[in-house]
Structures are given as structure tokens and as C-alpha cells.
>>> print(open('my_file08.cif').read())   # mmCIF, C-alpha atoms
data_entry
loop_
_atom_site.label_atom_id
_atom_site.label_comp_id
_atom_site.auth_asym_id
_atom_site.auth_seq_id
_atom_site.Cartn_x
_atom_site.Cartn_y
_atom_site.Cartn_z
CA MET A 225 114.68 101.00 29.36
CA ARG A 226 112.46 103.56 27.73
CA ALA A 227 109.43 102.24 25.89
CA TYR A 228 106.16 103.64 24.65
CA LEU A 229 102.62 102.50 25.29
CA GLY A 230 99.84 103.30 22.85
CA ARG A 231 96.18 103.17 23.74
CA ARG A 232 93.20 103.92 21.51
CA TYR A 233 89.94 105.39 22.76
CA HIS A 234 86.69 105.97 20.93
CA LEU A 235 84.21 108.83 21.05
CA SER A 236 81.51 110.20 18.81
CA ALA A 237 80.83 113.89 18.44
CA SER A 238 79.42 116.44 16.06
CA HIS A 239 80.87 119.68 14.79
CA ARG A 240 80.48 122.37 12.18
CA LEU A 241 83.44 124.10 10.64
CA HIS A 242 82.58 127.77 10.39
CA CYS A 243 84.76 130.81 10.89
CA ALA A 244 82.97 133.90 12.18
CA GLY A 245 85.47 136.15 10.42
CA LEU A 246 84.54 134.86 6.96
CA THR A 247 81.43 135.47 4.88
CA GLU A 248 78.90 132.68 4.27
CA ASP A 249 80.30 132.17 0.78
CA GLU A 250 83.87 132.13 2.00
CA ASN A 251 82.98 129.59 4.68
CA ARG A 252 81.33 127.34 2.12
CA THR A 253 84.40 127.64 -0.10
CA VAL A 254 86.90 126.94 2.68
CA TYR A 255 85.06 124.22 4.58
CA GLY A 256 82.82 122.68 1.91
CA LYS A 257 80.46 120.01 3.28
CA CYS A 258 81.88 120.55 6.76
CA ASN A 259 80.21 123.98 6.78
CA ASN A 260 76.70 122.46 6.68
CA PRO A 261 74.72 124.76 9.04
CA HIS A 262 73.26 121.79 10.91
CA GLY A 263 76.61 120.16 11.56
CA HIS A 264 77.69 116.57 11.09
CA GLY A 265 79.49 113.98 13.20
CA HIS A 266 82.32 111.48 13.35
CA ASN A 267 83.39 108.42 15.27
CA TYR A 268 86.72 109.73 16.49
CA VAL A 269 89.59 107.51 17.58
CA VAL A 270 91.97 109.14 20.03
CA GLU A 271 95.33 107.38 20.18
CA VAL A 272 97.39 108.38 23.21
CA MET A 273 101.09 107.48 23.30
CA VAL A 274 102.87 107.64 26.64
CA GLY A 275 106.59 107.14 27.14
CA GLY A 276 108.79 106.34 30.09
CA ASN A 277 111.08 103.84 31.69
CA VAL A 278 109.64 100.36 32.08
CA ASP A 279 109.20 99.68 35.79
CA PRO A 280 111.38 96.63 36.56
CA VAL A 281 108.78 95.19 38.93
CA THR A 282 105.54 95.67 37.03
CA GLY A 283 107.02 95.66 33.52
CA MET A 284 104.93 98.71 32.67
CA VAL A 285 105.52 102.29 31.58
CA CYS A 286 102.55 103.36 33.66
CA ASP A 287 99.47 101.89 35.30
CA LEU A 288 97.10 101.27 32.40
CA ALA A 289 94.03 101.54 34.65
CA GLN A 290 95.14 105.03 35.72
CA LEU A 291 95.68 106.08 32.10
CA ASP A 292 92.28 104.68 31.13
CA SER A 293 90.47 106.42 33.97
CA CYS A 294 92.23 109.70 33.25
CA VAL A 295 91.38 109.60 29.53
CA GLN A 296 87.83 108.53 30.33
CA ARG A 297 87.38 111.47 32.70
CA GLU A 298 89.27 114.13 30.75
CA ILE A 299 88.42 113.18 27.18
CA VAL A 300 85.66 110.63 26.69
CA ASP A 301 83.25 111.87 29.36
CA ARG A 302 83.83 115.45 28.26
CA PHE A 303 83.39 115.03 24.50
CA ASP A 304 81.54 111.77 23.74
CA HIS A 305 78.10 112.40 22.26
CA THR A 306 78.51 116.16 22.41
CA ASN A 307 78.63 119.01 19.93
CA LEU A 308 82.22 120.22 19.80
CA ASN A 309 81.17 123.73 18.78
CA LEU A 310 79.55 124.14 22.19
CA TYR A 311 82.69 123.18 24.13
CA PRO A 312 83.84 126.34 25.98
CA GLY A 313 87.46 125.79 24.86
CA PHE A 314 86.39 126.25 21.24
CA SER A 315 84.75 129.59 21.88
CA GLY A 316 86.33 131.74 19.18
CA HIS A 317 88.03 128.71 17.61
CA VAL A 318 86.89 126.47 14.79
CA PRO A 319 86.62 122.85 16.05
CA THR A 320 88.72 121.38 13.28
CA THR A 321 90.34 118.10 14.16
CA GLU A 322 93.67 119.96 14.27
CA ASN A 323 92.36 122.22 17.03
CA PHE A 324 90.62 119.29 18.73
CA ASN A 325 93.89 117.34 18.66
CA VAL A 326 95.86 120.14 20.32
CA GLU A 327 93.15 120.60 22.96
CA LEU A 328 93.16 116.87 23.76
CA TYR A 329 96.94 117.02 24.24
CA ARG A 330 96.57 120.06 26.52
CA LEU A 331 93.89 118.42 28.66
CA LEU A 332 95.84 115.17 28.99
CA THR A 333 99.19 116.70 29.85
CA ALA A 334 97.52 118.80 32.53
CA ALA A 335 95.87 115.74 34.10
CA PHE A 336 98.22 112.79 33.59
CA THR A 337 101.61 112.89 35.27
CA GLN A 338 102.52 109.19 35.68
CA ALA A 339 104.31 109.14 32.31
CA GLN A 340 105.08 111.56 29.52
CA ILE A 341 102.37 112.13 26.93
CA VAL A 342 104.55 111.68 23.85
CA SER A 343 101.85 112.26 21.26
CA VAL A 344 98.12 112.36 20.70
CA ARG A 345 96.73 111.15 17.37
CA VAL A 346 93.16 111.67 16.32
CA GLU A 347 91.48 109.71 13.55
CA GLU A 348 88.51 111.68 12.33
CA THR A 349 87.66 109.03 9.77
CA ALA A 350 89.52 105.96 8.57
CA LYS A 351 91.09 108.19 5.92
CA ASN A 352 91.82 111.38 7.88
CA SER A 353 94.10 111.43 10.89
CA PHE A 354 96.04 114.08 12.75
CA GLU A 355 98.91 113.84 15.20
CA TYR A 356 100.27 116.25 17.77
CA PRO A 357 103.69 115.20 19.06
CA ALA A 358 104.77 116.72 22.36
CA PRO A 359 106.79 119.86 21.66
CA ALA A 360 110.54 119.45 22.31
CA GLY A 361 111.23 119.58 26.03
CA ALA A 362 107.58 119.20 27.03
CA GLY A 363 106.62 116.84 29.81
CA LYS A 364 110.12 116.15 31.12
CA ALA A 365 109.03 117.22 34.60
CA ALA A 366 106.62 114.29 34.67
CA LEU A 367 109.54 111.90 34.45
CA ALA A 368 111.73 113.58 37.05
CA MET B 290 117.49 106.17 4.53
CA ILE B 291 114.15 104.51 4.12
CA LEU B 292 111.96 102.55 6.52
CA LEU B 293 110.45 99.18 5.72
CA THR B 294 107.82 97.42 7.82
CA ARG B 295 106.75 93.81 8.06
CA LYS B 296 103.88 92.43 10.13
CA ALA B 297 103.57 89.03 11.75
CA GLU B 298 101.09 87.49 14.14
CA PHE B 299 101.30 85.15 17.06
CA SER B 300 98.83 83.89 19.63
CA ALA B 301 99.99 83.30 23.17
CA SER B 302 98.85 83.15 26.76
CA HIS B 303 100.26 84.92 29.78
CA TYR B 304 99.49 86.28 33.22
CA TYR B 305 100.87 89.07 35.36
CA TRP B 306 101.98 87.89 38.76
CA ASN B 307 104.66 88.98 41.20
CA ASP B 308 105.64 86.20 43.62
CA ALA B 309 106.81 88.76 46.18
CA TRP B 310 103.28 90.12 46.52
CA SER B 311 100.11 88.75 48.10
CA ALA B 312 97.18 87.71 45.92
CA GLU B 313 95.44 90.94 46.92
CA GLU B 314 98.43 93.07 45.90
CA ASN B 315 98.67 91.27 42.56
CA ALA B 316 94.96 91.75 41.93
CA ARG B 317 95.22 95.43 42.82
CA ALA B 318 98.21 96.03 40.53
CA PHE B 319 97.26 93.82 37.59
CA GLY B 320 93.48 93.41 37.78
CA LYS B 321 92.08 90.62 35.58
CA CYS B 322 95.56 89.98 34.18
CA SER B 323 96.59 88.44 37.51
CA ASN B 324 94.37 85.37 37.01
CA ARG B 325 96.84 82.51 37.59
CA ASN B 326 95.09 80.33 35.06
CA GLY B 327 96.26 82.77 32.41
CA HIS B 328 94.54 84.35 29.45
CA GLY B 329 95.57 84.95 25.87
CA HIS B 330 95.77 87.35 22.98
CA ASN B 331 96.22 87.43 19.24
CA TYR B 332 99.32 89.60 19.09
CA THR B 333 100.37 91.54 16.03
CA LEU B 334 104.07 92.23 15.69
CA VAL B 335 105.11 95.15 13.48
CA VAL B 336 108.84 95.23 12.73
CA THR B 337 110.29 98.32 11.09
CA VAL B 338 113.85 98.33 9.74
CA ALA B 339 115.88 101.22 8.35
CA GLY B 340 118.43 101.12 5.59
CA GLU B 341 119.57 102.35 2.23
CA ILE B 342 118.06 101.21 -1.05
CA ASP B 343 120.38 98.82 -2.87
CA PRO B 344 120.90 100.40 -6.31
CA GLU B 345 120.78 97.03 -8.05
CA THR B 346 117.89 95.23 -6.35
CA GLY B 347 115.91 98.31 -5.34
CA PHE B 348 115.43 96.66 -1.94
CA VAL B 349 116.40 97.85 1.52
CA VAL B 350 116.28 94.27 2.63
CA ASP B 351 114.93 91.11 1.06
CA LEU B 352 111.43 90.83 2.53
CA LYS B 353 111.63 87.05 2.41
CA GLN B 354 114.75 87.19 4.55
CA LEU B 355 113.05 89.58 7.00
CA LYS B 356 110.01 87.31 7.14
CA ASP B 357 112.21 84.27 7.79
CA VAL B 358 114.20 85.99 10.55
CA VAL B 359 111.01 87.12 12.32
CA GLU B 360 109.56 83.62 11.97
CA ARG B 361 112.69 81.89 13.24
CA GLU B 362 113.63 84.27 16.05
CA VAL B 363 110.19 85.25 17.36
CA ILE B 364 107.14 83.49 15.99
CA SER B 365 108.48 79.96 16.38
CA ALA B 366 109.28 80.71 20.03
CA TYR B 367 106.14 82.69 20.95
CA ASP B 368 103.26 81.35 18.85
CA HIS B 369 100.85 79.10 20.74
CA ARG B 370 103.03 79.27 23.84
CA HIS B 371 102.50 80.36 27.40
CA LEU B 372 104.86 83.32 27.63
CA ASN B 373 105.49 83.06 31.39
CA LEU B 374 106.12 79.33 31.37
CA GLU B 375 107.67 78.58 27.99
CA VAL B 376 109.64 81.63 26.86
CA PRO B 377 112.90 82.00 28.82
CA GLU B 378 113.07 85.83 28.93
CA PHE B 379 109.75 86.00 30.77
CA ALA B 380 110.90 83.77 33.62
CA SER B 381 112.38 86.94 35.10
CA ALA B 382 110.38 89.73 33.44
CA MET B 383 106.63 90.30 33.36
CA PRO B 384 105.29 89.56 29.85
CA THR B 385 103.68 92.97 29.51
CA THR B 386 103.30 94.47 26.06
CA GLU B 387 106.24 96.80 26.82
CA ASN B 388 108.51 93.92 27.85
CA ILE B 389 107.42 91.78 24.89
CA ALA B 390 108.45 94.63 22.55
CA ILE B 391 111.83 94.91 24.30
CA ALA B 392 112.36 91.13 24.24
CA ILE B 393 111.53 90.93 20.53
CA TRP B 394 113.96 93.78 19.86
CA LYS B 395 116.71 91.77 21.59
CA ARG B 396 115.83 88.67 19.56
CA LEU B 397 115.94 90.56 16.25
CA ASP B 398 118.69 93.12 16.80
CA SER B 399 121.67 92.60 14.46
CA LYS B 400 120.02 89.56 12.83
CA ILE B 401 118.69 91.43 9.80
CA ALA B 402 121.41 91.61 7.19
CA GLY B 403 121.64 94.90 5.36
CA ALA B 404 119.30 96.89 7.59
CA ARG B 405 119.12 98.33 11.08
CA LEU B 406 116.23 97.62 13.41
CA HIS B 407 114.26 100.86 13.81
CA ARG B 408 111.16 100.01 15.81
CA VAL B 409 109.38 97.02 17.28
CA ARG B 410 105.67 97.56 17.80
CA VAL B 411 103.53 94.92 19.50
CA TYR B 412 99.75 95.07 19.49
CA GLU B 413 98.26 93.07 22.34
CA MET B 414 94.89 94.03 20.92
CA GLN B 415 93.75 96.62 18.44
CA ASP B 416 93.53 99.37 21.06
CA LEU B 417 96.64 98.57 23.10
CA PHE B 418 100.20 98.47 21.83
CA ALA B 419 103.79 99.18 22.81
CA ASP B 420 106.76 100.56 20.89
CA TYR B 421 110.46 100.02 21.55
CA TYR B 422 113.24 101.81 19.68
CA GLY B 423 116.21 100.25 21.46
CA GLU B 424 116.54 103.12 23.92
CA PRO B 425 118.39 102.38 27.18
#
>>> encode(input="my_file08.cif", output="C-alpha cells")
Amino acid sequence: MRAYLGRRYHLSASHRLHCAGLTEDENRTVYGKCNNPHGHGHNYVVEVMVGGNVDPVTGMVCDLAQLDSCVQREIVDRFDHTNLNLYPGFSGHVPTTENFNVELYRLLTAAFTQAQIVSVRVEETAKNSFEYPAPAGAGKAALA
Amino acid sequence: MILLTRKAEFSASHYYWNDAWSAEENARAFGKCSNRNGHGHNYTLVVTVAGEIDPETGFVVDLKQLKDVVEREVISAYDHRHLNLEVPEFASAMPTTENIAIAIWKRLDSKIAGARLHRVRVYEMQDLFADYYGEP
């Protein structure tokens, strides 16, 4: 039977929303407080949802320790207590939580193959959250 | 169609152990969860049902009825119990969060008059949960 396992991870990082193609005034208008030249930070929550058949022996969709170690290595170690603007993947991209969310999905799907990454949700604050569901057809190879 | 969600809580103990494996194999597969003396959690159950809004009552389903069904079918059987030893479905299935969600689905399915079960979500703790949508 197919079930889904959700796991939440925590990391803290700073960023500044600023688009090189816009003027200073335009940036302030578009990004408001988030355009502060010195940046600001958040305690992000990254919620990873994996899906797959429940193993009849272990009762699990995947080995939780493997998921934890993968997310630790690929996500938490890479981004926790860093400045997202300096991450090479955001060169030329604004580190909005939308872009961060898509990048987290990309990193995880490339590294975790024991179950399908069904979605990645990112809570930037308790009030703002973003979710990137796997595009249709993505990740089926992981289940084959 | 509209979705309606009701939460409930239960506290229970469990362990993960496969009799066919050695103690070392169990420890390797299940880590701390293989402690035969058990351990426990405060579980949060989140039941979501789907249905149409009754034009007279404005309800999808009477929340009191949903609360009572969840209490009768799940909470009274799981709360302050040892899942492996006292809940029949876990005599043959590991009481993982995934299997608990599936078992609760089976307990609730077709018991909620006027609505269809949409999702069973079980939080073992705030940062670990499982969803089951009735998929084979």
C-alpha cells in the first residue's frame, strides 16, 4: 500500500532579495524590507514528503535514518547558518523562498532514491510557506 | 466538494521488532525504536473527510458525529495502550507511523455517514508524520 512520510527539518539562514536588473528604487518597491542592503534571516522549516509502498517487513516507506542523513548532508549542512545569496546555485537568481524551495527539491531528488520525493514545503516564517510538489511523472524511476 | 478536518490525540507505547531477525539486525534496522521495553509518543491524528455541503444544515458532516466516530473507533482502542501488545492489527504489522495511518484508515473507512474519508495523517511527533489516502 502506498503511503507518505513527512519529516520536518530546521535551518537558519540569511538572505537579501535584490534583482540586479532593477534599479535601487525598483528593488525597494518590489522587495520592501527584504531588500535591506545588509540582509536579514529566518528560521526555515523544510518539510520533505516522500511516498512509496510500505515495506511489509519493516512497515516503512523508506529508512528514516537514510532520509535524515541525506537531508542533513544535502540541505542542512549546506545551508544552515549561511547567507543564501552566496550559494553558487543562486548566482544570477534572487534567493526568494520560491527559488530556495525549487533548489531544495532539485538537490533532494538528485541525492535520495530510496523513495519518491513527493513534495518539499518550506516555511519561511510561521505565516509564510511555500510548497513545490513533484512535477507530474517525476521520480517514478526511483520506485521502479 | 469540500474537505473538513478534525484532530484528535492519543498517547501510546510501541517498539519495532522483527522476530525473524537477530537483536543486532533489529538494532541496525530500527535503532532506538527496537528497545524491547518500548517507548511512547503523544500522537496527533488528523482526519480529513470530503463531501458536499448539505443545503439545509450547511454542514458536510456533523462534527460531533465525526468526533464520536474517531473516539469510538480509534482513540478508545489506541489511547494509553501498548500498540504491539494491545491493538490487534499490530500483532502482525509493525506499528510504524505509516502502518498506524493505514490501520486508522481501515477503522474509519465507511463509518462516517455523509462523507468520504479523504486522508488520515498521523503525527508521531511534530517533525515526523505519515499520510494515507487509501491507495492500494
>>> interface_residues(input="my_file08.cif", of="chain B", to="chain A", cutoff="6 Å", atoms="only C-alpha atoms", output="list in words")
Met383, Thr385, Asp416, Leu417, Phe418, Ala419, Asp420, Tyr421, Glu424 and Pro425 of chain B
>>> resolve_selection(input="my_file08.cif", expression="the PyMOL selection byres ((chain A and resi 297-314) around 10)", output="number ranges by chain")
A: 233-242, 263-268, 270, 291-296, 315-320, 323-324, 327-329, 331-332, 334-336
>>> atom_distance(input="my_file08.cif", atom1="CA of Lys296 in chain B", atom2="CA of Glu387 in chain B")
17.4 Å
>>> atom_distance(input="my_file08.cif", atom1="CA of Ser300 in chain B", atom2="CA of His369 in chain B")
5.3 Å
>>> resolve_selection(input="my_file08.cif", expression="the PyMOL selection byres ((chain B and resi 302) around 7)", output="list in words")
Ala301, His303, Gly327, His328, Gly329, His330, Arg370, His371 and Leu372 of chain B
>>> build_atoms(input="my_file08.cif", residues="range 321-341 of chain A", atoms="N, CA and C atoms", output="CSV table (one decimal), keeping the file's coordinate frame")
chain,number,residue,atom,x,y,z
A,321,THR,N,89.7,119.2,13.4
A,321,THR,CA,90.3,118.1,14.2
A,321,THR,C,91.8,118.5,14.6
A,322,GLU,N,92.4,119.4,13.8
A,322,GLU,CA,93.7,120.0,14.3
A,322,GLU,C,93.5,120.6,15.6
A,323,ASN,N,92.5,121.5,15.7
A,323,ASN,CA,92.4,122.2,17.0
A,323,ASN,C,91.9,121.3,18.1
A,324,PHE,N,91.1,120.3,17.8
A,324,PHE,CA,90.6,119.3,18.7
A,324,PHE,C,91.8,118.5,19.2
A,325,ASN,N,92.7,118.1,18.3
A,325,ASN,CA,93.9,117.3,18.7
A,325,ASN,C,94.8,118.1,19.7
A,326,VAL,N,95.0,119.4,19.4
A,326,VAL,CA,95.9,120.1,20.3
A,326,VAL,C,95.2,120.3,21.7
A,327,GLU,N,93.9,120.5,21.7
A,327,GLU,CA,93.2,120.6,23.0
A,327,GLU,C,93.2,119.3,23.8
A,328,LEU,N,93.1,118.2,23.1
A,328,LEU,CA,93.2,116.9,23.8
A,328,LEU,C,94.5,116.7,24.4
A,329,TYR,N,95.6,117.1,23.7
A,329,TYR,CA,96.9,117.0,24.2
A,329,TYR,C,97.0,117.9,25.5
A,330,ARG,N,96.5,119.1,25.4
A,330,ARG,CA,96.6,120.1,26.5
A,330,ARG,C,95.8,119.5,27.7
A,331,LEU,N,94.7,119.0,27.5
A,331,LEU,CA,93.9,118.4,28.7
A,331,LEU,C,94.6,117.2,29.3
A,332,LEU,N,95.2,116.4,28.5
A,332,LEU,CA,95.8,115.2,29.0
A,332,LEU,C,97.1,115.5,29.7
A,333,THR,N,97.9,116.4,29.2
A,333,THR,CA,99.2,116.7,29.8
A,333,THR,C,98.9,117.4,31.2
A,334,ALA,N,97.8,118.1,31.3
A,334,ALA,CA,97.5,118.8,32.5
A,334,ALA,C,97.1,117.8,33.6
A,335,ALA,N,96.5,116.7,33.1
A,335,ALA,CA,95.9,115.7,34.1
A,335,ALA,C,96.7,114.5,34.4
A,336,PHE,N,97.5,114.1,33.4
A,336,PHE,CA,98.2,112.8,33.6
A,336,PHE,C,99.7,113.0,33.8
A,337,THR,N,100.2,112.6,34.9
A,337,THR,CA,101.6,112.9,35.3
A,337,THR,C,102.4,111.6,35.5
A,338,GLN,N,101.8,110.4,35.4
A,338,GLN,CA,102.5,109.2,35.7
A,338,GLN,C,103.5,108.8,34.6
A,339,ALA,N,103.4,109.4,33.4
A,339,ALA,CA,104.3,109.1,32.3
A,339,ALA,C,104.2,110.3,31.4
A,340,GLN,N,105.1,110.4,30.5
A,340,GLN,CA,105.1,111.6,29.5
A,340,GLN,C,104.1,111.3,28.4
A,341,ILE,N,103.2,112.2,28.1
A,341,ILE,CA,102.4,112.1,26.9
A,341,ILE,C,103.3,112.5,25.7
